[in-house]
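**Q** Got a structure for you, written out below as structure tokens; questions coming shortly.
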Amino acid sequence: MKVAVAGYGVEGEENYKYWSKLGADVTIFDEAQETARPLPQGADTVLGEGVFKKLNGFDLVVRTASLNPDKIKTDGKIWSATNEFFEECPAPIIGVTGTKGKGTTCSLVAEILRASGKTVQLVGNIGVPALEVLPKIKSSDFVVFELSSFQLWDIEKSPETAVILMIEPDHLNIHADMDDYVMAKSNIGRFQTEDNLMIYHPTNPLSKKAAQSSQAKKVRYMTDEGAHIDKNSKINIDGNIICDISEVGLLGPHNLENICAAVSAAWRYTQDINAIKNAVTNFRGLPHRLEFVRELDGVKYYDDSYSPNPASTRAAVSSFNQPTVLIAGGFDRKADFSELAQVIAKKEVKKVVLIGQTAETIATALNNAGYNNYEIIKSKDFKAIIQKAQSYTSEGDLVLLSPGCPSFDMFKNFEERGKQYQKIVGELK
């Protein structure tokens, strides 16, 4: 079998390994002359602009997630690592999509199932290539799969249990428009049957729209249909009290939604209240998601570097009541910052330090919201940026790095941005 691997990054590297082990004749195609990952020694490669339109003669063209299938021209079958995993995985799959909260929700579902004694594989957009773990998955295992819109673009099977979190505008520099983005999200349930389960956000109209593609039983979390917060401030599902909201390990009201989504999904597979409570109360979140870094001179520093869109930063800002100095801005993905600006103005954020390609765009949104207590910093010196934020603080304040944008204008990825932030904050005096 002749296989073309279209796009060679982390996923492309795993695709090459996977199909090579199957004995396929594999050729790597990438539009960049220097690929994101080092090329395998001796591999057949075709590099350069326009190569994705020259993929005839292959039985299978395996696209990397962010490569729009419409940009591939081939007389073979367009495929993906996600499609291959769904086709070959012997275990039940719980898939989670949405604009924000996917990683947290997936991780918490996995923690709940593990606490109840189950073997769980956590894969997908959270950072572990699914094909890497496929060979070791048993039918008695459970798979929790974080699914981006890119992975769902051309999916041909749906997970047994699907979760759609809140959907808001994102990735509009790659998707044609919001309809294309929501359509991709809706594919998570398109191939579900009546025996499957679809869990979705209770008030978000785009989540509801995406959920309508499914024939599965539908449950809205944060309502009596699934896990919700009852009148006594308890997390409750089917009349069972999990814990008081004061006991949960995650910060912010948005994370109460993520917890209820996770509990609703896990409930299908375990009703072990103690296991669920232990997971919910002990889980402190993922790195670079509202992660506490340190306290210095009465000022607390938080790292929310993962925040890739305005919705994430809105949630982060809303998680605190202390006077906040916010560091925001980054790679321009053509996002709309108007709602974020309104939240910043309403919360009376103490100061906003704006950086990166989107600094001017965010500043315009802030002005339109009637907020002008910001400073644009043109420099890419991250230490100087953090020191500037520190200069605006006094005892009782907090500094929050929550960019609301990807990191690619200044950093390799959000991990590098977060690690640098933590290192610099750790050295502040």
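Every chain in the structure tokens takes a letter, A first, then B, and so on in the order presented; its residues are numbered from 1, and the ligands are numbered from 1 following the presented order.
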Residues of range 233-343 of chain A that approach range 215-223 of chain A to 9 Å or less, counting only C-alpha atoms: could you list each one with the shortest pair of atoms and its distance in Å to one decimal, rows by chain and increasing residue number, as a tab-separated table?
**A**
residue	atom	partner	partner_atom	distance
A:Leu256	CA	A:Met222	CA	8.8
A:Glu257	CA	A:Met222	CA	6.6
A:Cys260	CA	A:Tyr221	CA	6.0
A:Ala261	CA	A:Tyr221	CA	5.5
A:Ala262	CA	A:Tyr221	CA	8.9
A:Val263	CA	A:Tyr221	CA	8.8
A:Ser264	CA	A:Tyr221	CA	6.5
**Q** Using only C-alpha atoms, find each residue of range 349-398 of chain A with at least one atom at most 10 Å away from an atom of range 286-300 of chain A; report its shortest atom-to-atom pair and that distance in Å (one decimal), sort the rows by chain and rising residue number, and return the result as a tab-separated table.
**A**
residue	atom	partner	partner_atom	distance
A:Gln390	CA	A:Val299	CA	8.7
A:Thr393	CA	A:Val299	CA	7.1
A:Ser394	CA	A:Val299	CA	6.8
A:Glu395	CA	A:Gly298	CA	4.5
A:Gly396	CA	A:Gly298	CA	5.5
A:Asp397	CA	A:Val299	CA	5.1
A:Leu398	CA	A:Lys300	CA	4.6
**Q** Write the residues of the selection above to a file with N, CA and C atoms, as an mmCIF file, in the first residue's frame.
**A**
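What landed in selection17.cif:
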data_model
loop_
_atom_site.group_PDB
_atom_site.id
_atom_site.type_symbol
_atom_site.label_atom_id
_atom_site.label_comp_id
_atom_site.auth_asym_id
_atom_site.auth_seq_id
_atom_site.Cartn_x
_atom_site.Cartn_y
_atom_site.Cartn_z
ATOM 1 N N GLN A 390 4.490 43.638 37.277
ATOM 2 C CA GLN A 390 4.775 43.669 38.714
ATOM 3 C C GLN A 390 4.754 45.102 39.250
ATOM 4 N N THR A 393 1.520 46.466 40.759
ATOM 5 C CA THR A 393 0.859 45.730 41.841
ATOM 6 C C THR A 393 1.113 46.347 43.205
ATOM 7 N N SER A 394 0.217 46.015 44.112
ATOM 8 C CA SER A 394 0.414 46.295 45.537
ATOM 9 C C SER A 394 -0.112 45.089 46.310
ATOM 10 N N GLU A 395 0.119 45.060 47.594
ATOM 11 C CA GLU A 395 -0.253 43.902 48.410
ATOM 12 C C GLU A 395 -1.741 43.577 48.248
ATOM 13 N N GLY A 396 -2.034 42.318 48.059
ATOM 14 C CA GLY A 396 -3.414 41.881 47.886
ATOM 15 C C GLY A 396 -3.831 41.717 46.435
ATOM 16 N N ASP A 397 -2.968 42.149 45.506
ATOM 17 C CA ASP A 397 -3.266 42.019 44.079
ATOM 18 C C ASP A 397 -2.837 40.644 43.563
ATOM 19 N N LEU A 398 -3.161 40.403 42.287
ATOM 20 C CA LEU A 398 -2.608 39.232 41.616
ATOM 21 C C LEU A 398 -2.220 39.604 40.200
#
**Q** Where does range 56-113 of chain A meet range 158-161 of chain A within 6 Å, residue by residue, with the nearest atom pair and distance in Å to one decimal for each, counting only C-alpha atoms, listed by chain and rising number, as a tab-separated table?
**A**
residue	atom	partner	partner_atom	distance
A:Ile93	CA	A:Pro159	CA	5.1
A:Ile94	CA	A:Thr161	CA	4.7
A:Gly95	CA	A:Pro159	CA	5.6
**Q** Within 12 Å of Asn232 in chain A, counting only C-alpha atoms, which residues qualify if same-chain residues fewer than 3 places away don't, as a list in words?
**A**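 Those residues are His228, Ile229, Ile235, Asn236, Ile241, Cys243, Asp244, Ile245 and Ser246 of chain A.
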**Q** Report, in Å to a single decimal, how far apart CA of Tyr269 in chain A and CA of Ile242 in chain A are.
**A**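 Spanning CA of Ile242 in chain A to CA of Tyr269 in chain A is a straight-line distance of 15.6 Å.
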**Q** Could you give me, as a Markdown table, every range 117-226 of chain A residue with an atom at most 12 Å from range 312-317 of chain A, plus its closest atom pair and distance in Å to one decimal, counting only C-alpha atoms, rows ordered by chain then number?
**A**
| residue | atom | partner | partner_atom | distance |
| --- | --- | --- | --- | --- |
| A:Met166 | CA | A:Ser312 | CA | 10.8 |
| A:Ile167 | CA | A:Ser312 | CA | 11.3 |
| A:Glu168 | CA | A:Ser312 | CA | 10.1 |
| A:Pro169 | CA | A:Ser312 | CA | 11.5 |
| A:Asp170 | CA | A:Ser312 | CA | 10.9 |
**Q** Excluding range 131-138 of chain A and its own-chain neighbours fewer than 5 positions away, which residues fall within 7 Å of it when counting only C-alpha atoms? Please give them as a list of chain:residue names.
**A**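 Near range 131-138 of chain A, the qualifying residues are A:Glu14, A:Tyr18, A:Ala81, A:Phe85, A:Cys89, A:Pro90, A:Ala91.
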**Q** Given the selection you just returned, output its residues as a file containing N, CA and C atoms, formatted as a compact mmCIF listing (two decimals), in the first residue's frame.
**A**
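Full text of selection.txt as output:
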# COMPACT_ATOMS: atom_id res chain seq x y z
N GLU A 14 4.25 10.59 14.05
CA GLU A 14 3.62 9.35 14.53
C GLU A 14 2.94 8.62 13.38
N TYR A 18 3.69 4.78 12.31
CA TYR A 18 2.60 3.82 12.36
C TYR A 18 2.45 3.07 11.04
N ALA A 81 -5.17 10.35 11.34
CA ALA A 81 -4.84 9.53 12.50
C ALA A 81 -6.08 9.28 13.36
N PHE A 85 -7.60 5.67 14.28
CA PHE A 85 -7.77 5.25 15.68
C PHE A 85 -9.20 4.78 15.93
N CYS A 89 -9.61 1.05 17.26
CA CYS A 89 -9.62 0.99 18.73
C CYS A 89 -10.62 -0.05 19.23
N PRO A 90 -10.19 -0.98 20.10
CA PRO A 90 -11.09 -2.02 20.60
C PRO A 90 -11.89 -1.61 21.83
N ALA A 91 -11.57 -0.44 22.41
CA ALA A 91 -12.18 -0.02 23.67
C ALA A 91 -13.23 1.07 23.45
**Q** Considering only C-alpha atoms, return as a list in words whatever protein or nucleic-acid residues lie within 8 Å of Ala115 in chain A, sequence-local ones (same chain, fewer than 4 positions apart) excluded.
**A**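 The residues satisfying every condition are Glu111, Ala275, Ile276, Asn278 and Ala279 of chain A.
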**Q** Please produce a file of those selected residues containing C-alpha atoms, as an mmCIF file, in the first residue's frame.
**A**
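File part.cif, as written:
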data_model
loop_
_atom_site.group_PDB
_atom_site.id
_atom_site.type_symbol
_atom_site.label_atom_id
_atom_site.label_comp_id
_atom_site.auth_asym_id
_atom_site.auth_seq_id
_atom_site.Cartn_x
_atom_site.Cartn_y
_atom_site.Cartn_z
ATOM 1 C CA GLU A 111 -9.213 10.686 36.806
ATOM 2 C CA ALA A 275 -14.213 7.593 43.540
ATOM 3 C CA ILE A 276 -15.922 10.521 41.826
ATOM 4 C CA ASN A 278 -11.890 11.839 45.330
ATOM 5 C CA ALA A 279 -11.192 12.741 41.715
#
**Q** Just want the 6 Å neighbourhood of Lys53 in chain A, counted on only C-alpha atoms, with same-chain residues fewer than 2 positions away dropped. Output as a compact mmCIF listing (two decimals) with N, CA and C atoms, in the first residue's frame.
**A**
# COMPACT_ATOMS: atom_id res chain seq x y z
N GLY A 50 2.73 24.09 -2.37
CA GLY A 50 1.82 23.50 -3.34
C GLY A 50 1.86 21.99 -3.44
N VAL A 51 2.64 21.32 -2.59
CA VAL A 51 2.78 19.86 -2.73
C VAL A 51 1.51 19.10 -2.37
N LEU A 55 -0.92 14.92 -4.95
CA LEU A 55 -0.91 13.68 -4.17
C LEU A 55 -1.61 12.52 -4.89
N ILE A 72 -6.34 19.24 -0.14
CA ILE A 72 -5.64 18.06 -0.65
C ILE A 72 -6.25 17.62 -1.97
N LYS A 73 -5.42 17.45 -2.97
CA LYS A 73 -5.86 16.94 -4.27
C LYS A 73 -5.23 15.56 -4.49
**Q** Measuring between only C-alpha atoms, which one of A:Ala389, A:Leu251, A:Val163, A:Ala311 shows the shortest distance to Gly285 in chain A?
**A**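 With only C-alpha atoms as the atom set, the closest residue is A:Leu251.
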**Q** Could you please determine the separation between CA of Pro310 in chain A and CA of Ala365 in chain A in Å, to one decimal place?
**A**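 CA of Ala365 in chain A lies at a distance of 11.5 Å from CA of Pro310 in chain A.
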**Q** What residues in range 202-427 of chain A get the DSSP label strand (DSSP E)? Please answer as a ChimeraX atom specification.
**A** /A:217-220,228-229,234-237,240-244,291-296,299-303,324-328,351-354,374-376,398-401
**Q** Using C-alpha atoms, can you export the residues from the last selection as a compact mmCIF listing (two decimals), in the first residue's frame?
**A**
# COMPACT_ATOMS: atom_id res chain seq x y z
CA LYS A 217 -29.69 10.05 24.00
CA LYS A 218 -29.06 13.71 24.82
CA VAL A 219 -28.17 15.05 28.27
CA ARG A 220 -27.51 18.67 29.20
CA HIS A 228 -25.45 19.96 38.22
CA ILE A 229 -25.10 22.36 41.15
CA LYS A 234 -23.69 20.60 46.06
CA ILE A 235 -22.60 18.76 42.92
CA ASN A 236 -25.53 16.41 42.37
CA ILE A 237 -26.26 13.71 39.80
CA ASN A 240 -26.58 11.58 44.54
CA ILE A 241 -24.45 14.20 46.29
CA ILE A 242 -20.82 14.16 45.12
CA CYS A 243 -19.46 17.04 47.22
CA ASP A 244 -19.90 20.70 48.10
CA GLU A 291 -1.78 27.44 37.76
CA PHE A 292 -0.61 29.18 40.93
CA VAL A 293 3.09 30.06 40.61
CA ARG A 294 4.09 31.93 43.76
CA GLU A 295 3.27 34.76 46.16
CA LEU A 296 5.70 37.66 46.50
CA VAL A 299 0.96 39.50 45.33
CA LYS A 300 -0.08 36.15 43.83
CA TYR A 301 1.05 35.14 40.36
CA TYR A 302 -0.98 32.78 38.14
CA ASP A 303 -0.02 31.09 34.89
CA THR A 324 -5.85 41.92 38.87
CA VAL A 325 -3.01 42.92 36.58
CA LEU A 326 -3.64 41.00 33.37
CA ILE A 327 -1.01 40.17 30.73
CA ALA A 328 -2.82 39.50 27.44
CA LYS A 351 -4.34 47.10 34.69
CA VAL A 352 -3.98 45.27 31.38
CA VAL A 353 -0.53 44.83 29.89
CA LEU A 354 -0.94 44.15 26.16
CA TYR A 374 -3.99 49.45 29.68
CA GLU A 375 -0.47 49.71 28.36
CA ILE A 376 0.80 48.36 25.04
CA LEU A 398 -2.61 39.23 41.62
CA VAL A 399 -0.81 39.04 38.28
CA LEU A 400 -2.48 36.84 35.70
CA LEU A 401 -0.87 35.69 32.47
**Q** Which residue is closest to Pro403 in chain A? Choose from A:Gln387, A:Phe331, A:Val343, A:Leu366 and count only C-alpha atoms.
**A** A:Phe331
**Q** Once DSSP has gone over the backbone, tell me which residues of range 239-357 of chain A are in alpha helix (DSSP H), as a short mmCIF file (atom, residue, chain, number, x, y, z; two decimals) with C-alpha atoms, in the first residue's frame.
**A**
data_model
loop_
_atom_site.label_atom_id
_atom_site.label_comp_id
_atom_site.auth_asym_id
_atom_site.auth_seq_id
_atom_site.Cartn_x
_atom_site.Cartn_y
_atom_site.Cartn_z
CA PRO A 253 -17.10 29.02 37.95
CA HIS A 254 -16.21 27.82 34.44
CA ASN A 255 -14.51 24.82 36.02
CA LEU A 256 -17.70 23.91 37.87
CA GLU A 257 -19.20 23.51 34.40
CA ASN A 258 -16.25 21.36 33.31
CA ILE A 259 -16.61 19.22 36.44
CA CYS A 260 -20.32 18.67 35.81
CA ALA A 261 -19.62 17.77 32.18
CA ALA A 262 -16.97 15.26 33.27
CA VAL A 263 -19.15 13.70 35.98
CA SER A 264 -22.05 13.41 33.52
CA ALA A 265 -19.83 11.52 31.07
CA ALA A 266 -18.17 9.28 33.65
CA ILE A 273 -19.57 8.18 44.57
CA ASN A 274 -16.37 8.00 46.64
CA ALA A 275 -14.21 7.59 43.54
CA ILE A 276 -15.92 10.52 41.83
CA LYS A 277 -15.58 12.70 44.93
CA ASN A 278 -11.89 11.84 45.33
CA ALA A 279 -11.19 12.74 41.71
CA VAL A 280 -13.18 15.98 41.80
CA THR A 281 -11.69 17.21 45.08
CA ASN A 282 -8.08 16.16 44.41
CA PRO A 310 -10.76 35.32 24.36
CA ALA A 311 -13.32 32.95 25.93
CA SER A 312 -10.58 31.29 28.00
CA THR A 313 -9.30 34.62 29.25
CA ARG A 314 -12.85 35.76 30.08
CA ALA A 315 -13.20 32.66 32.25
CA ALA A 316 -9.82 33.26 33.88
CA VAL A 317 -10.53 36.92 34.71
CA SER A 338 -15.27 42.59 22.35
CA GLU A 339 -16.84 40.30 24.97
CA LEU A 340 -13.50 39.91 26.78
CA ALA A 341 -13.15 43.70 26.85
CA GLN A 342 -16.60 44.04 28.39
CA VAL A 343 -15.71 41.54 31.14
CA ILE A 344 -12.45 43.37 31.86
CA ALA A 345 -14.33 46.68 32.13
CA LYS A 346 -17.07 45.19 34.31
CA LYS A 347 -14.59 43.47 36.63
#
**Q** I'd like the interatomic distance between CA of Glu87 in chain A and CA of Lys157 in chain A, to a tenth of an Å.
**A**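 Between CA of Glu87 in chain A and CA of Lys157 in chain A the gap works out to 7.5 Å.
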